[in-house]
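Student: I am attaching a structure below and will ask some questions about it afterwards.
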Amino acid sequence: MNIEKRPFGEVCGKQVDIYTMTVDSGASVSIITFGGAVNKLLMPDREGKLADVVCGYDDLKSYTEAAGYQGALIGRVGNRIGKGRFTLDGKQYQLYINNGENSLHGGKVGFSHKVWDAEANVCGDACVLDLYYTSPDGEENYPGTLKLHVTYKLTQDNALSITYRAETDKKTIINLTNHTYFNLAGFASGKIFDHEMWMDADSFIPTDKGLIPTGEIRAVDGTPFDFREAKKIGRDFDLSYEPMAIAGGYDHCMNFVKREQPMGAPRIVVSEQSSGRVMEVYTTEPCVQFYSGNFLNSAQYPFKGGYPQGLQNAFCLETQRMPDSINHENFTDCTLDAGEKFESTTIYKFSVK
């Protein structure tokens, strides 16, 4: 195992580095300190051949300018907040509007666009990258100084884990996630419709035309959102079904059968036949935003090696709390009290069949 650190550019006078962590199988992950973004993830196929299974850019400029949040850490609140407004302990807060009439993924300059402090070490059977950022009280108009510690860990069994820790000095709201785009055949392999997915989710959250939850929690029975029996992502990709028509595909919060359960079993399993790669997702979070890459269409910002973006060429599995939950009493709690410690872990474990 080894860890390599290289310069990746500079933002507003701050050095940005890229850390590449490699384990004995040859599997590796590269992470940049701008947004803590996963830039590359090399995993072997059934013949042992490595391929990069995540989207990303070759240059820092694309990460700073392009939409899409490629591979980035998301916060202070991931997903959307309706009209950018919420009330906490009787006080109303107005956030920056950056997605139609709503606030998305932390606002104008969320955690995805911050330069994080970093420290890397080999610990036992794992390569570990610790990232740190302190969000001051009032940043993006969120209350409280929030201290963050995110740990990426790549283990010898080809598992990439992300552990989020946070604490605040004033009551605030928080919904941390990661926005990595996956294609298990390799990021330059085209549509993801032939990927087979099983997901332990019995309900999903419909949205309005601004992709803000309506407040309904709808059972997946008889809908394209039922993945409780493994099926290809493209099998029920039906834009005549209103929730999918609104979003242009899958871009919805999927709610796990048991909201809280130990990580002894995967919540999601995705496999890709041509490579044999399998990705199991374990998480302490109650939900996942399943996004089928419905807006991957920017010709201005091609991916690594000049590969063009394309609709539904990658998917995201953003483990999190329910979106806009601060504005829906029946949704999962996203508040964090002063002195309380937030901790969440998600593992993406790779194998072959």
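Scheme for the structure tokens: letters A, B, ... for chains in order shown; per-chain residue numbers from 1; ligand numbers from 1 in order shown.
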Among range 74-320 of chain A, which ones does DSSP assign to alpha helix (DSSP H) (computed from the backbone)? Answer as a list in words.
Tutor: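 Here are the alpha helix (DSSP H) residues of range 74-320 of chain A: Glu242, Pro243, Met244, Ala245, Ile246 and Ala247 of chain A.
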Student: Mind checking which residues fall within 10 Å of Ser30 in chain A, counting only C-alpha atoms, ignoring those fewer than 2 positions away in the same chain, and posting them as a list in words?
Tutor: Ile3, Glu4, Lys5, Ile18, Tyr19, Thr20, Met21, Thr22, Ser28, Ile32, Gly36, Ala37, Val38, Asn39, Lys40, Leu41 and Leu42 of chain A
Student: How about saving the chosen residues, C-alpha atoms kept, as an mmCIF file, in the first residue's frame?
Tutor:
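The resulting file, result.cif, is reproduced below:
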data_model
loop_
_atom_site.group_PDB
_atom_site.id
_atom_site.type_symbol
_atom_site.label_atom_id
_atom_site.label_comp_id
_atom_site.auth_asym_id
_atom_site.auth_seq_id
_atom_site.Cartn_x
_atom_site.Cartn_y
_atom_site.Cartn_z
ATOM 1 C CA ILE A 3 -0.055 7.141 -0.723
ATOM 2 C CA GLU A 4 1.177 9.724 -3.226
ATOM 3 C CA LYS A 5 0.608 13.471 -2.927
ATOM 4 C CA ILE A 18 -4.367 15.400 -5.162
ATOM 5 C CA TYR A 19 -3.806 12.313 -3.001
ATOM 6 C CA THR A 20 -3.680 8.872 -4.606
ATOM 7 C CA MET A 21 -4.100 5.909 -2.259
ATOM 8 C CA THR A 22 -3.289 2.439 -3.623
ATOM 9 C CA SER A 28 -6.675 3.056 -6.000
ATOM 10 C CA ILE A 32 -8.402 16.388 -4.496
ATOM 11 C CA GLY A 36 -12.722 16.668 -1.164
ATOM 12 C CA ALA A 37 -13.689 15.374 -4.604
ATOM 13 C CA VAL A 38 -13.117 11.787 -5.704
ATOM 14 C CA ASN A 39 -11.230 12.311 -8.970
ATOM 15 C CA LYS A 40 -10.425 8.688 -9.900
ATOM 16 C CA LEU A 41 -11.374 5.265 -8.582
ATOM 17 C CA LEU A 42 -9.560 2.346 -10.209
#
Student: Excluding Val23 in chain A and residues on its chain fewer than 2 positions from it, collect all residues at most 6 Å away from it, counting only C-alpha atoms, and give them as a list of chain:residue names.
Tutor: A:Met1, A:Ser25, A:Gly26, A:Ala27, A:Gln156
Student: Would you give me, as a tab-separated table, each residue of range 37-131 of chain A having an atom within 9 Å of an atom of range 209-218 of chain A, along with its shortest atom pair and that distance in Å to one decimal, using only C-alpha atoms and sorting by chain and residue number?
Tutor:
residue	atom	partner	partner_atom	distance
A:Arg80	CA	A:Ile212	CA	6.6
A:Ile81	CA	A:Ile212	CA	7.2
A:Gly82	CA	A:Ile212	CA	5.9
A:Asn99	CA	A:Gly210	CA	8.4
A:Gly100	CA	A:Gly210	CA	7.0
A:Glu101	CA	A:Gly210	CA	7.7
A:Asn102	CA	A:Gly210	CA	7.7
Student: Taking 6 positions as the minimum chain separation for residues in the same chain, which residues sit within 10 Å of Asp238 in chain A when counting only C-alpha atoms? Answer as a ChimeraX atom specification.
Tutor: /A:223-224,244-245,248-250
Student: For CA of Gln70 in chain A and CA of Ala185 in chain A, quote the distance in Å rounded to one decimal.
Tutor: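 One can read the CA of Gln70 in chain A to CA of Ala185 in chain A distance as 17.8 Å.
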